[in-house]
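Quick notes on the structure that follows.
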Amino acid sequence: MLKRISAIFVMSILIASGAWSQVLMNETFDDVDIFAGIPLNDEQTGQPITDPATFEYFAPSGWTATSEMRPEEDGFTEDFPFPCLTVMELFQWVDRGNSRDLAVNERDVDFFDGNIVMSDSDSFGDRGYRTWFRSPVMENVTAPYVRVKFASHYKHNDNQIAALDYRWDGGDWQRVFEWSDANRSDNQDYLSVEKHIIDRPDGAKNLQLQFIFAGDADQDGYTDYDWFWAFDNVVVEGLQSVSFPDTPELTAPAEVRGVQDISITASAYHDPENTPHKSTQWQVALDRGFTQMLIPAADDDVNLTSLTLPASIAPWGSTIYVRAQYVNENGNRTDFSAISEIQVLPPEGVRLLSDESFNDVAVGSIPDGWSVVSFNGGESGDPVYDNAASWEVVDETTLGSFGGDRVNIAVYDGNSIYVNSDGFDPYQESHLFSPSFDFSNTTNVYLAYWSNYVQNQDNIGVVEYTTDGGGLSDAREVSGTWNPVVYMLDDDSQAEDIIYTDDTHTTVDVAATLAAAADGANLNYGDYVFAPQSQDLAPYFSGRIDDNKTESKRFEKFRLDKADGQANVKIRWMNMGTNSWFWGLDNIQIWGDDGQTSVPDWSLF
């Protein structure tokens with residue numbers, strides 16, 4: 001299928017067999033003249049910052065590198081590494097460590113070679129900068145399409161942006177792509193050979209590219225202790241024609257119930273040029289406009305024609321919207337498929353028995369009947385952090401003031417209850433207890449809540465429930481009998497907190513895991529687990545990803561099997577960490593079968 005792309009629409013392409021091409025640029029960055037004095041510019045005056053003036057940048061002839069430092073940091077005197085898109089030798093890049101050697105070890109030798117272009121904000125701290133790297137102007141372009149190809153190693157951090165822009169004949173810049181929290185996951189490495197197409201407007205002749213590394217609006221546009229972007233071997237070609245694979249068609253259930261995972265399949269991949277299938281972009285959202293995204297919108301090179309969504313993807317009573325597009329090995333993208341709608345329903349026969357949205361609770365307090373017990377090693381020294389050292393209700397504005405990563409996924413609605421361990425050393429620990437529920441005449445009890453959680457390498461999140469009115473005193477004395485719901489620990493770092501019985505990582509070694517020291521608190525992880533500790537707890541451990549600001553933001557749902565028929569049920573949420581992250585809860589719901597008439601239309605909730 002051949003089609004014309006609008007002047008502002010940019011997508012990846014496939015070169016038709018035998019298609020004529022016009023080479024506009026082939027830049028390897030290996031023959032680079034070294035010159036000094038391309039400084040950071042003062043954002044207010046546009047003039048070079050001269051304190052310090054001890055750095056050099058390397059750029060090919062005709063390219064320009066410009067950086068701006070966060071204005072309030074203009075006069076710093078500390079040494080800093082590479083606050084600009086600049087060229088360095090590959091071995092220098094690899095020597096910087098922290099996964100930068102992936103560009104060499106996980107790709108063919110021609111992926112990166114010789115010199116590369118990079119911008120590395122890691123270790124630059126919170127001083128903050130943004131940078132632009134502009135190509136020479138490519139003149140007298142005659143082909144109707146232009147393909148931009150380059151090797152890329154990008155590592156994403158929350159609120160970080162990498163982008164590629166273009167302009168014709170010195171006009172306005174237009175965006176080819178932007179990598180952000182919307183389509184990239186925190187602390188994830190992305191190695192790729194990028195291929196994108198730009199449509200040449202009628203009469204346009206001269207093309208220029210601009211690579212950008214910066215922060216988003218939550219960071220005032222500046223990087224802030226973020227990661228890096230490196231690229232190499234930029235090839236720009238004019239093309240006479242492009243072609244695309246067939247648009248996928250989705251098959252999905254109209255509804256799912258309970259804690260059932262959601263399975264979606266797509267039609268078989270077909271490309272007129274027989275170019276292999278590279279990836280599929282699946283988009284899943286809570287709205288038909290795909291603004292409330294439930295998973296990052298990055299390309300998926302594993303789930304090519306089928307996708308299984310966990311039961312926690314959306315709250316009960318909601319509708320989710322799914323669509324997909326295919327991408328071939330040359331980067332071509334199809335149109336998105338038609339949208340599939342899926343209703344997410346509670347288990348058959350249960351109804352909503354209790355719903356705490358916190359919207360009628362005063363900010364800075366907790367709901368009537370709830371209680372909090374906290375322990376810590378002192379204040380953080382930051383009044384913003386100290387304000388949420390124990391569980392308390394916050395509104396959306398307050399939540400956002402704690403940082404943009406608190407509000408980047410829609411797992412809260414208005415007020416929520418929140419606790420923060422960020423900034424506390426040696427530790428911060430806070431327990432939230434629900435009021436007592438009477439389930440004497442109730443079976444099939446479920447707990448559901450919206451969870452705004454980020455895991456750290458030295459913290460634990462706990463949910464348990466008691467059926468006999470258990471509690472915790474200010475002297476750390478535990479009463480009652482407790483049952484497990486979930487234990488959240490780091491399971492994706494070099495020093496994983498979850499320990500397994502063997503190298504297959506299939507069964508948790510409960511004793512070893514709970515015997516491990518919890519940093520800063522002079523306690524073990526087991527000291528935060530009130531349920532009887534045995535190997536029977538293994539299924540309740542839930543490995544989460546260290547420092548990932550999106551992965552654990554979920555709509556959690558759990559069966560409380562030992563609560564059926566019990567008259568005094570209480571639920572506990574506990575967050576403990578040392579300079580760790582946070583946990584927010586919203587729309588805490590109890591579902592169950594109490595023998596009453598069920599609501600026929602669950603979408604009303």
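Just so we're on the same page: first chain in the structure tokens is A, next is B, and so on; residues restart at 1 for each chain, and ligands are numbered from 1 in the order they show up.
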Write out as a list in words each polymer residue whose atoms come within 7 Å of Thr507 (chain A), counting only C-alpha atoms; drop sequence neighbours fewer than 3 positions from it.
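So the residues in contact are Tyr500, Thr501 and Ala538 of chain A.
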Might you pull out every residue within 9 Å of region 253-269 of chain A, with only C-alpha atoms counted and same-chain residues fewer than 2 positions away left off, and present them as number ranges by chain?
A: 245-251, 271, 276-277, 304-313, 316, 319, 322, 324, 326, 340-348, 557-559
Output of the above residues as a short mmCIF file (atom, residue, chain, number, x, y, z; two decimals), in the first residue's frame, restricted to N, CA and C atoms:
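Wrote it out as again_9.cif, contents follow:
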data_model
loop_
_atom_site.label_atom_id
_atom_site.label_comp_id
_atom_site.auth_asym_id
_atom_site.auth_seq_id
_atom_site.Cartn_x
_atom_site.Cartn_y
_atom_site.Cartn_z
N PRO A 245 3.36 -2.14 5.91
CA PRO A 245 2.65 -3.41 6.14
C PRO A 245 1.14 -3.17 6.24
N ASP A 246 0.38 -4.28 6.22
CA ASP A 246 -1.06 -4.17 6.39
C ASP A 246 -1.40 -3.79 7.83
N THR A 247 -2.45 -3.01 8.00
CA THR A 247 -2.90 -2.61 9.33
C THR A 247 -3.45 -3.82 10.09
N PRO A 248 -3.07 -4.00 11.36
CA PRO A 248 -3.57 -5.16 12.11
C PRO A 248 -5.05 -5.03 12.46
N GLU A 249 -5.68 -6.18 12.67
CA GLU A 249 -7.04 -6.25 13.19
C GLU A 249 -6.99 -7.00 14.52
N LEU A 250 -7.66 -6.47 15.53
CA LEU A 250 -7.58 -7.04 16.88
C LEU A 250 -8.79 -7.91 17.20
N THR A 251 -8.53 -8.95 17.98
CA THR A 251 -9.59 -9.77 18.57
C THR A 251 -9.42 -9.71 20.08
N ASP A 271 3.45 -7.93 4.98
CA ASP A 271 4.12 -6.78 4.40
C ASP A 271 4.26 -7.01 2.90
N PRO A 276 10.55 -8.30 7.31
CA PRO A 276 10.15 -8.96 8.57
C PRO A 276 9.51 -8.01 9.56
N HIS A 277 8.71 -8.59 10.43
CA HIS A 277 8.01 -7.88 11.50
C HIS A 277 9.01 -7.59 12.62
N LEU A 304 4.40 -9.60 19.52
CA LEU A 304 4.22 -9.09 18.16
C LEU A 304 2.78 -9.19 17.67
N THR A 305 2.10 -10.31 17.92
CA THR A 305 0.72 -10.48 17.45
C THR A 305 -0.24 -10.87 18.56
N SER A 306 0.22 -10.89 19.81
CA SER A 306 -0.67 -11.16 20.93
C SER A 306 -0.13 -10.46 22.17
N LEU A 307 -1.03 -10.13 23.08
CA LEU A 307 -0.68 -9.40 24.29
C LEU A 307 -1.57 -9.88 25.42
N THR A 308 -0.97 -10.16 26.58
CA THR A 308 -1.73 -10.51 27.77
C THR A 308 -1.56 -9.40 28.80
N LEU A 309 -2.66 -8.79 29.18
CA LEU A 309 -2.65 -7.72 30.17
C LEU A 309 -2.99 -8.30 31.53
N PRO A 310 -2.29 -7.90 32.58
CA PRO A 310 -2.60 -8.43 33.91
C PRO A 310 -3.95 -7.94 34.41
N ALA A 311 -4.52 -8.68 35.35
CA ALA A 311 -5.81 -8.30 35.91
C ALA A 311 -5.75 -6.93 36.57
N SER A 312 -4.55 -6.50 36.96
CA SER A 312 -4.40 -5.22 37.65
C SER A 312 -4.32 -4.04 36.69
N ILE A 313 -4.56 -4.26 35.40
CA ILE A 313 -4.37 -3.19 34.42
C ILE A 313 -5.38 -2.05 34.61
N TRP A 316 -12.00 -2.33 38.54
CA TRP A 316 -13.30 -2.92 38.24
C TRP A 316 -14.32 -1.84 37.97
N THR A 319 -13.92 0.70 31.62
CA THR A 319 -13.73 0.21 30.26
C THR A 319 -12.33 0.60 29.81
N VAL A 322 -8.08 -0.44 23.57
CA VAL A 322 -6.84 -1.04 23.08
C VAL A 322 -6.76 -0.84 21.56
N ALA A 324 -3.46 -1.13 18.19
CA ALA A 324 -2.10 -1.56 17.91
C ALA A 324 -1.71 -1.14 16.49
N TYR A 326 1.63 -2.14 13.57
CA TYR A 326 2.81 -2.96 13.28
C TYR A 326 3.95 -2.08 12.77
N SER A 340 -10.48 -1.57 20.20
CA SER A 340 -11.25 -2.60 20.91
C SER A 340 -11.60 -2.08 22.30
N GLU A 341 -12.87 -2.27 22.71
CA GLU A 341 -13.32 -1.88 24.03
C GLU A 341 -13.53 -3.12 24.89
N ILE A 342 -13.01 -3.08 26.12
CA ILE A 342 -13.12 -4.22 27.02
C ILE A 342 -13.63 -3.72 28.37
N GLN A 343 -14.76 -4.28 28.84
CA GLN A 343 -15.27 -3.95 30.15
C GLN A 343 -14.57 -4.80 31.20
N VAL A 344 -14.10 -4.17 32.27
CA VAL A 344 -13.43 -4.87 33.36
C VAL A 344 -14.42 -4.95 34.52
N LEU A 345 -14.92 -6.17 34.80
CA LEU A 345 -16.00 -6.37 35.74
C LEU A 345 -15.52 -7.14 36.97
N PRO A 346 -16.21 -6.98 38.10
CA PRO A 346 -15.85 -7.74 39.30
C PRO A 346 -16.27 -9.20 39.15
N PRO A 347 -15.86 -10.05 40.07
CA PRO A 347 -16.29 -11.46 40.00
C PRO A 347 -17.81 -11.58 40.02
N GLU A 348 -18.32 -12.64 39.41
CA GLU A 348 -19.76 -12.88 39.37
C GLU A 348 -20.31 -12.97 40.79
N LYS A 557 -5.82 -5.89 43.02
CA LYS A 557 -7.02 -6.65 43.39
C LYS A 557 -6.59 -7.95 44.04
N PHE A 558 -7.11 -8.25 45.23
CA PHE A 558 -6.69 -9.44 45.96
C PHE A 558 -7.89 -10.11 46.62
N ARG A 559 -7.90 -11.43 46.60
CA ARG A 559 -8.92 -12.22 47.29
C ARG A 559 -8.49 -12.39 48.75
#
Give one line per residue of region 325-382 of chain A that approaches region 172-192 of chain A to at most 12 Å, naming the two atoms of the closest pair and their distance in Å to one decimal, counting only C-alpha atoms; sort by chain then ascending residue number and deliver it as a tab-separated table.
residue	atom	partner	partner_atom	distance
A:Glu329	CA	A:Ser192	CA	11.0
A:Asn330	CA	A:Ser192	CA	11.5
A:Gly331	CA	A:Ser192	CA	10.6
Excluding same-chain residues fewer than 2 positions from region 424-437 of chain A, what lies within 9 Å of it counting only C-alpha atoms, as JSON, numbers by chain?
{"A": [368, 369, 370, 371, 372, 373, 374, 375, 376, 377, 378, 379, 380, 381, 385, 386, 389, 390, 391, 419, 420, 421, 422, 439, 469, 471, 472, 519, 520, 521, 566, 567, 568, 569, 570, 571, 572, 573, 574, 575, 576, 577, 578, 579, 580]}
Put those residues in a file: C-alpha atoms, as an mmCIF file, in the first residue's frame.
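That gives us part05.cif:
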data_model
loop_
_atom_site.group_PDB
_atom_site.id
_atom_site.type_symbol
_atom_site.label_atom_id
_atom_site.label_comp_id
_atom_site.auth_asym_id
_atom_site.auth_seq_id
_atom_site.Cartn_x
_atom_site.Cartn_y
_atom_site.Cartn_z
ATOM 1 C CA ASP A 368 -12.598 8.536 60.750
ATOM 2 C CA GLY A 369 -12.062 5.019 62.021
ATOM 3 C CA TRP A 370 -8.644 4.675 60.374
ATOM 4 C CA SER A 371 -5.360 4.806 62.320
ATOM 5 C CA VAL A 372 -1.640 5.296 61.709
ATOM 6 C CA VAL A 373 1.425 4.110 63.631
ATOM 7 C CA SER A 374 4.842 5.381 62.510
ATOM 8 C CA PHE A 375 8.500 4.953 63.447
ATOM 9 C CA ASN A 376 11.489 6.818 62.045
ATOM 10 C CA GLY A 377 15.083 7.765 62.605
ATOM 11 C CA GLY A 378 14.453 11.515 62.647
ATOM 12 C CA GLU A 379 13.165 14.204 60.327
ATOM 13 C CA SER A 380 14.420 14.637 56.795
ATOM 14 C CA GLY A 381 15.081 18.351 57.260
ATOM 15 C CA TYR A 385 9.004 15.589 52.906
ATOM 16 C CA ASP A 386 8.374 15.753 56.661
ATOM 17 C CA ALA A 389 6.395 11.143 56.879
ATOM 18 C CA SER A 390 3.246 9.334 58.049
ATOM 19 C CA TRP A 391 0.175 8.380 56.032
ATOM 20 C CA VAL A 419 3.304 8.371 52.691
ATOM 21 C CA ASN A 420 6.849 9.339 51.789
ATOM 22 C CA SER A 421 10.231 7.860 52.810
ATOM 23 C CA ASP A 422 12.253 9.965 50.368
ATOM 24 C CA PHE A 439 -18.090 -9.887 57.103
ATOM 25 C CA GLY A 469 -8.888 -7.187 65.577
ATOM 26 C CA GLY A 471 -2.977 -4.130 65.803
ATOM 27 C CA LEU A 472 0.379 -2.499 66.542
ATOM 28 C CA ASP A 519 18.847 -0.779 55.329
ATOM 29 C CA GLY A 520 18.979 1.901 57.955
ATOM 30 C CA ALA A 521 16.428 0.561 60.445
ATOM 31 C CA GLN A 566 -15.421 -13.075 59.892
ATOM 32 C CA ALA A 567 -16.808 -10.285 62.077
ATOM 33 C CA ASN A 568 -13.671 -8.268 62.852
ATOM 34 C CA VAL A 569 -11.488 -7.812 59.731
ATOM 35 C CA LYS A 570 -8.886 -5.052 59.527
ATOM 36 C CA ILE A 571 -6.370 -4.304 56.731
ATOM 37 C CA ARG A 572 -2.822 -2.941 57.147
ATOM 38 C CA TRP A 573 -0.651 -1.120 54.598
ATOM 39 C CA MET A 574 2.978 -0.504 55.600
ATOM 40 C CA ASN A 575 5.728 1.359 53.776
ATOM 41 C CA MET A 576 9.325 1.393 55.013
ATOM 42 C CA GLY A 577 12.382 2.834 53.294
ATOM 43 C CA THR A 578 15.688 4.609 53.701
ATOM 44 C CA ASN A 579 15.912 7.595 51.353
ATOM 45 C CA SER A 580 13.472 5.567 49.281
#
Atomic distance CA of Thr442 (chain A) - CA of Thr467 (chain A), expressed in Å with one decimal
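Interatomic distance here is 13.3 Å.
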